[in-house]
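Next comes final_21.cif, with mmCIF, C-alpha atoms, pLDDT in the B column; chains and numbers go by the auth columns.
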data_target
#
loop_
_atom_site.group_PDB
_atom_site.id
_atom_site.type_symbol
_atom_site.label_atom_id
_atom_site.label_comp_id
_atom_site.label_asym_id
_atom_site.label_seq_id
_atom_site.Cartn_x
_atom_site.Cartn_y
_atom_site.Cartn_z
_atom_site.B_iso_or_equiv
_atom_site.auth_seq_id
_atom_site.auth_asym_id
ATOM 1 C CA MET A 1 0.000 0.000 0.000 38.00 1 A
ATOM 2 C CA SER A 2 1.502 3.331 -0.967 40.00 2 A
ATOM 3 C CA ALA A 3 1.555 6.350 1.280 44.00 3 A
ATOM 4 C CA ALA A 4 -0.908 9.142 0.774 38.00 4 A
ATOM 5 C CA PRO A 5 0.506 12.327 -0.725 40.00 5 A
ATOM 6 C CA GLY A 6 2.508 14.220 1.864 39.00 6 A
ATOM 7 C CA GLU A 7 3.019 11.282 4.249 42.00 7 A
ATOM 8 C CA ASP A 8 6.561 10.556 3.081 52.00 8 A
ATOM 9 C CA ARG A 9 7.355 14.254 3.196 59.00 9 A
ATOM 10 C CA ASP A 10 5.938 14.562 6.728 58.00 10 A
ATOM 11 C CA GLY A 11 7.970 11.536 7.821 65.00 11 A
ATOM 12 C CA CYS A 12 11.138 13.042 6.363 85.00 12 A
ATOM 13 C CA GLN A 13 10.375 16.413 7.904 87.00 13 A
ATOM 14 C CA ALA A 14 9.631 14.815 11.279 89.00 14 A
ATOM 15 C CA GLY A 15 12.856 12.820 11.106 92.00 15 A
ATOM 16 C CA ALA A 16 14.928 15.871 10.190 92.00 16 A
ATOM 17 C CA ALA A 17 13.336 17.970 12.934 92.00 17 A
ATOM 18 C CA LEU A 18 13.814 15.193 15.505 95.00 18 A
ATOM 19 C CA ARG A 19 17.474 14.801 14.499 96.00 19 A
ATOM 20 C CA ARG A 20 17.994 18.562 14.944 96.00 20 A
ATOM 21 C CA LEU A 21 16.177 18.382 18.281 97.00 21 A
ATOM 22 C CA LEU A 22 18.312 15.485 19.511 98.00 22 A
ATOM 23 C CA ALA A 23 21.567 17.078 18.304 97.00 23 A
ATOM 24 C CA ALA A 24 20.742 20.313 20.111 97.00 24 A
ATOM 25 C CA LEU A 25 19.893 18.383 23.287 97.00 25 A
ATOM 26 C CA VAL A 26 23.170 16.445 23.148 96.00 26 A
ATOM 27 C CA LYS A 27 25.072 19.705 22.662 95.00 27 A
ATOM 28 C CA ALA A 28 23.228 21.271 25.606 94.00 28 A
ATOM 29 C CA ALA A 29 24.084 18.219 27.714 93.00 29 A
ATOM 30 C CA LEU A 30 27.784 18.274 26.835 91.00 30 A
ATOM 31 C CA VAL A 31 28.806 21.928 26.919 90.00 31 A
ATOM 32 C CA SER A 32 29.803 23.515 30.193 86.00 32 A
ATOM 33 C CA ASP A 33 29.347 27.169 29.214 90.00 33 A
ATOM 34 C CA PRO A 34 25.943 28.413 30.477 93.00 34 A
ATOM 35 C CA ALA A 35 25.437 30.704 27.459 95.00 35 A
ATOM 36 C CA LEU A 36 26.057 27.853 25.019 94.00 36 A
ATOM 37 C CA THR A 37 23.818 25.550 27.022 94.00 37 A
ATOM 38 C CA ALA A 38 21.021 28.118 26.837 96.00 38 A
ATOM 39 C CA ARG A 39 21.548 28.574 23.090 96.00 39 A
ATOM 40 C CA TYR A 40 21.349 24.828 22.443 97.00 40 A
ATOM 41 C CA ARG A 41 18.274 24.479 24.656 96.00 41 A
ATOM 42 C CA ASP A 42 16.619 27.258 22.630 96.00 42 A
ATOM 43 C CA GLU A 43 17.538 25.411 19.413 96.00 43 A
ATOM 44 C CA ALA A 44 16.008 22.251 20.856 96.00 44 A
ATOM 45 C CA ALA A 45 12.804 24.053 21.806 94.00 45 A
ATOM 46 C CA ASP A 46 12.548 25.515 18.282 94.00 46 A
ATOM 47 C CA ALA A 47 13.062 22.075 16.722 93.00 47 A
ATOM 48 C CA GLN A 48 10.482 20.551 19.062 94.00 48 A
ATOM 49 C CA ARG A 49 7.895 23.107 17.958 92.00 49 A
ATOM 50 C CA ARG A 50 8.521 22.016 14.349 89.00 50 A
ATOM 51 C CA VAL A 51 8.052 18.368 15.305 88.00 51 A
ATOM 52 C CA ALA A 52 4.763 19.089 17.077 82.00 52 A
ATOM 53 C CA GLY A 53 2.854 19.599 13.834 79.00 53 A
ATOM 54 C CA LEU A 54 4.229 16.495 12.096 85.00 54 A
ATOM 55 C CA ASP A 55 3.560 12.775 12.339 86.00 55 A
ATOM 56 C CA PRO A 56 6.705 11.107 13.735 86.00 56 A
ATOM 57 C CA SER A 57 5.181 7.620 13.857 84.00 57 A
ATOM 58 C CA GLY A 58 7.448 6.170 11.162 86.00 58 A
ATOM 59 C CA VAL A 59 10.767 7.520 12.416 91.00 59 A
ATOM 60 C CA LYS A 60 13.525 5.276 13.705 94.00 60 A
ATOM 61 C CA LEU A 61 14.450 7.116 16.878 95.00 61 A
ATOM 62 C CA ASP A 62 17.641 5.204 17.630 95.00 62 A
ATOM 63 C CA GLY A 63 18.930 5.801 14.100 96.00 63 A
ATOM 64 C CA LEU A 64 18.224 9.513 14.454 97.00 64 A
ATOM 65 C CA TRP A 65 19.936 9.403 17.864 97.00 65 A
ATOM 66 C CA THR A 66 23.109 7.949 16.317 97.00 66 A
ATOM 67 C CA MET A 67 23.188 10.675 13.664 97.00 67 A
ATOM 68 C CA ALA A 68 22.453 13.397 16.228 97.00 68 A
ATOM 69 C CA VAL A 69 25.249 12.226 18.530 95.00 69 A
ATOM 70 C CA ALA A 70 27.729 12.223 15.640 94.00 70 A
ATOM 71 C CA GLU A 71 26.625 15.724 14.660 94.00 71 A
ATOM 72 C CA ALA A 72 26.908 17.010 18.219 93.00 72 A
ATOM 73 C CA GLU A 73 30.291 15.412 18.839 89.00 73 A
ATOM 74 C CA GLY A 74 31.592 17.059 15.684 91.00 74 A
ATOM 75 C CA ASP A 75 30.513 20.506 16.836 91.00 75 A
ATOM 76 C CA ARG A 76 33.454 22.837 17.512 90.00 76 A
ATOM 77 C CA ASP A 77 31.921 24.303 20.684 87.00 77 A
ATOM 78 C CA VAL A 78 31.209 20.844 22.085 88.00 78 A
ATOM 79 C CA ARG A 79 34.736 19.611 21.371 84.00 79 A
ATOM 80 C CA ARG A 80 36.186 22.681 23.078 83.00 80 A
ATOM 81 C CA SER A 81 34.049 22.553 26.198 76.00 81 A
ATOM 82 C CA GLU A 82 33.921 18.869 27.068 58.00 82 A
ATOM 83 C CA ASP A 83 35.371 18.336 30.543 60.00 83 A
ATOM 84 C CA ALA A 84 35.902 14.667 29.865 53.00 84 A
ATOM 85 C CA ASN A 85 35.311 12.355 26.966 67.00 85 A
ATOM 86 C CA PRO A 86 31.723 11.238 27.651 77.00 86 A
ATOM 87 C CA THR A 87 30.245 7.979 26.527 85.00 87 A
ATOM 88 C CA LEU A 88 26.711 8.676 25.422 90.00 88 A
ATOM 89 C CA PRO A 89 24.036 5.985 25.489 92.00 89 A
ATOM 90 C CA VAL A 90 23.882 3.765 22.408 93.00 90 A
ATOM 91 C CA THR A 91 20.114 4.169 22.212 95.00 91 A
ATOM 92 C CA CYS A 92 18.095 7.308 22.725 97.00 92 A
ATOM 93 C CA PRO A 93 17.419 7.776 26.465 96.00 93 A
ATOM 94 C CA LEU A 94 14.289 9.813 25.755 96.00 94 A
ATOM 95 C CA PRO A 95 11.007 8.278 24.603 95.00 95 A
ATOM 96 C CA LEU A 96 9.471 9.640 21.426 94.00 96 A
ATOM 97 C CA GLU A 97 6.397 10.720 23.398 91.00 97 A
ATOM 98 C CA ASP A 98 8.532 12.959 25.621 92.00 98 A
ATOM 99 C CA LEU A 99 10.232 14.545 22.618 94.00 99 A
ATOM 100 C CA THR A 100 7.003 15.242 20.780 91.00 100 A
ATOM 101 C CA GLY A 101 4.593 15.863 23.645 88.00 101 A
ATOM 102 C CA PRO A 102 3.130 19.183 24.763 88.00 102 A
ATOM 103 C CA GLY A 103 4.999 19.135 28.093 90.00 103 A
ATOM 104 C CA PHE A 104 8.453 19.052 26.470 94.00 104 A
ATOM 105 C CA ASP A 105 11.178 20.802 28.467 95.00 105 A
ATOM 106 C CA ALA A 106 14.591 21.112 26.789 96.00 106 A
ATOM 107 C CA GLY A 107 16.373 21.575 30.108 95.00 107 A
ATOM 108 C CA ILE A 108 14.951 18.390 31.584 96.00 108 A
ATOM 109 C CA ALA A 109 15.655 16.469 28.376 96.00 109 A
ATOM 110 C CA ALA A 110 19.284 17.674 28.235 95.00 110 A
ATOM 111 C CA SER A 111 19.733 16.794 31.913 95.00 111 A
ATOM 112 C CA ARG A 112 18.410 13.301 31.250 95.00 112 A
ATOM 113 C CA ILE A 113 20.950 12.831 28.458 95.00 113 A
ATOM 114 C CA ARG A 114 23.758 14.041 30.722 91.00 114 A
ATOM 115 C CA GLU A 115 22.615 11.731 33.551 93.00 115 A
ATOM 116 C CA THR A 116 22.616 8.691 31.265 93.00 116 A
ATOM 117 C CA SER A 117 26.095 9.440 29.907 87.00 117 A
ATOM 118 C CA SER A 118 29.325 8.160 31.397 80.00 118 A
ATOM 119 C CA PHE A 119 32.049 10.702 32.062 69.00 119 A
ATOM 120 C CA GLY A 120 35.490 9.431 32.788 55.00 120 A
#
Turn this file's structure into structure tokens for me.
Amino acid sequence: MSAAPGEDRDGCQAGAALRRLLAALVKAALVSDPALTARYRDEAADAQRRVAGLDPSGVKLDGLWTMAVAEAEGDRDVRRSEDANPTLPVTCPLPLEDLTGPGFDAGIAASRIRETSSFG
């Protein structure tokens, strides 16, 4: 059965917005500078608002997580500010419902990522 017009596009848009959201959250979790943390949390909140109007049901969250982590780890500000070399979770520590729900809080989400990471 083929998708209705716009479904593939919505899925791609939801995936791209979720990847941006996750990357911003990882950056917020890893940087130590309060101004950068605030900037990345704002980016995450903006990306979450974009996700809210899309259907994310077909996205592969753990695949997006892997791409988002790679993007965040490659960020110049993140590389400069890391206190230690963290080991981030292999799978996304945040459920899709939390990322897309109306009660989303970028600060809480970034804290959850930091808490589930190993610093050593």
- [ ] Just say which residues the PyMOL selection byres ((chain A and resi 30) around 12) picks in this file, as a PyMOL selection string.
- [x] chain A and resi 23-29+31-34+36-38+40-41+69+72-88+110-119
Dump of C-alpha atoms for the selected residues, as a short mmCIF file (atom, residue, chain, number, x, y, z; two decimals), in the frame of the given file:
data_model
loop_
_atom_site.label_atom_id
_atom_site.label_comp_id
_atom_site.auth_asym_id
_atom_site.auth_seq_id
_atom_site.Cartn_x
_atom_site.Cartn_y
_atom_site.Cartn_z
CA ALA A 23 21.57 17.08 18.30
CA ALA A 24 20.74 20.31 20.11
CA LEU A 25 19.89 18.38 23.29
CA VAL A 26 23.17 16.44 23.15
CA LYS A 27 25.07 19.70 22.66
CA ALA A 28 23.23 21.27 25.61
CA ALA A 29 24.08 18.22 27.71
CA VAL A 31 28.81 21.93 26.92
CA SER A 32 29.80 23.52 30.19
CA ASP A 33 29.35 27.17 29.21
CA PRO A 34 25.94 28.41 30.48
CA LEU A 36 26.06 27.85 25.02
CA THR A 37 23.82 25.55 27.02
CA ALA A 38 21.02 28.12 26.84
CA TYR A 40 21.35 24.83 22.44
CA ARG A 41 18.27 24.48 24.66
CA VAL A 69 25.25 12.23 18.53
CA ALA A 72 26.91 17.01 18.22
CA GLU A 73 30.29 15.41 18.84
CA GLY A 74 31.59 17.06 15.68
CA ASP A 75 30.51 20.51 16.84
CA ARG A 76 33.45 22.84 17.51
CA ASP A 77 31.92 24.30 20.68
CA VAL A 78 31.21 20.84 22.08
CA ARG A 79 34.74 19.61 21.37
CA ARG A 80 36.19 22.68 23.08
CA SER A 81 34.05 22.55 26.20
CA GLU A 82 33.92 18.87 27.07
CA ASP A 83 35.37 18.34 30.54
CA ALA A 84 35.90 14.67 29.86
CA ASN A 85 35.31 12.36 26.97
CA PRO A 86 31.72 11.24 27.65
CA THR A 87 30.24 7.98 26.53
CA LEU A 88 26.71 8.68 25.42
CA ALA A 110 19.28 17.67 28.24
CA SER A 111 19.73 16.79 31.91
CA ARG A 112 18.41 13.30 31.25
CA ILE A 113 20.95 12.83 28.46
CA ARG A 114 23.76 14.04 30.72
CA GLU A 115 22.62 11.73 33.55
CA THR A 116 22.62 8.69 31.26
CA SER A 117 26.10 9.44 29.91
CA SER A 118 29.32 8.16 31.40
CA PHE A 119 32.05 10.70 32.06
#
Open item on the list: For a quick check of understanding, using only C-alpha atoms, which of A:Val90, A:Ala35, A:Cys12, A:Ala44 has the smallest distance to Ile108 of chain A?
Closed with: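 Comparing A:Val90, A:Ala35, A:Cys12, A:Ala44 against Ile108 of chain A, the winner is A:Ala44.
Closest to Ala14 of chain A among A:Ala45, A:Met67, A:Ala106, A:Val51 is A:Val51, based on all atoms listed in the file.
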Task: Which residue of A:Gln48, A:Gly53, A:Glu71, A:Leu61 approaches Leu99 of chain A most closely, using only C-alpha atoms - done: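 Of the candidates, the smallest distance to Leu99 of chain A is held by A:Gln48.
Distance annotation: of A:Ala70, A:Ala47, A:Arg39, A:Glu97, the residue with the minimal separation from Ala17 of chain A is A:Ala47; atom set is only C-alpha atoms.
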Task: Neighbour list for Pro95 of chain A as number ranges by chain, cut-off 12 Å, all atoms listed in the file, skip fewer than 6 positions in-chain - done: A: 18, 22, 60-62, 65, 101, 104, 109, 112-113
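Picture a line from atom CA of Asp42 of chain A to atom CA of Gly63 of chain A; it runs 23.2 Å.
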Task: atom CA of Pro89 of chain A to atom CA of Leu21 of chain A, straight-line distance in Å - done: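 Taking atom CA of Leu21 of chain A and atom CA of Pro89 of chain A, their separation equals 16.4 Å.
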- [ ] Go through A:Ala68, A:Glu43, A:Thr100, A:Thr91 one by one, measure the shortest atom-to-atom distance of each to Pro56 of chain A using only C-alpha atoms, and give the residue with the smallest value.
- [x] A:Thr100
Open item on the list: Using Å and a single decimal, report how far atom CA of Gly107 of chain A sits from atom CA of Gln13 of chain A.
Closed with: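 Between atom CA of Gln13 of chain A and atom CA of Gly107 of chain A the gap works out to 23.6 Å.
Closest to Leu96 of chain A among A:Val59, A:Asp46, A:Leu54, A:Arg20 is A:Val59, based on only C-alpha atoms.
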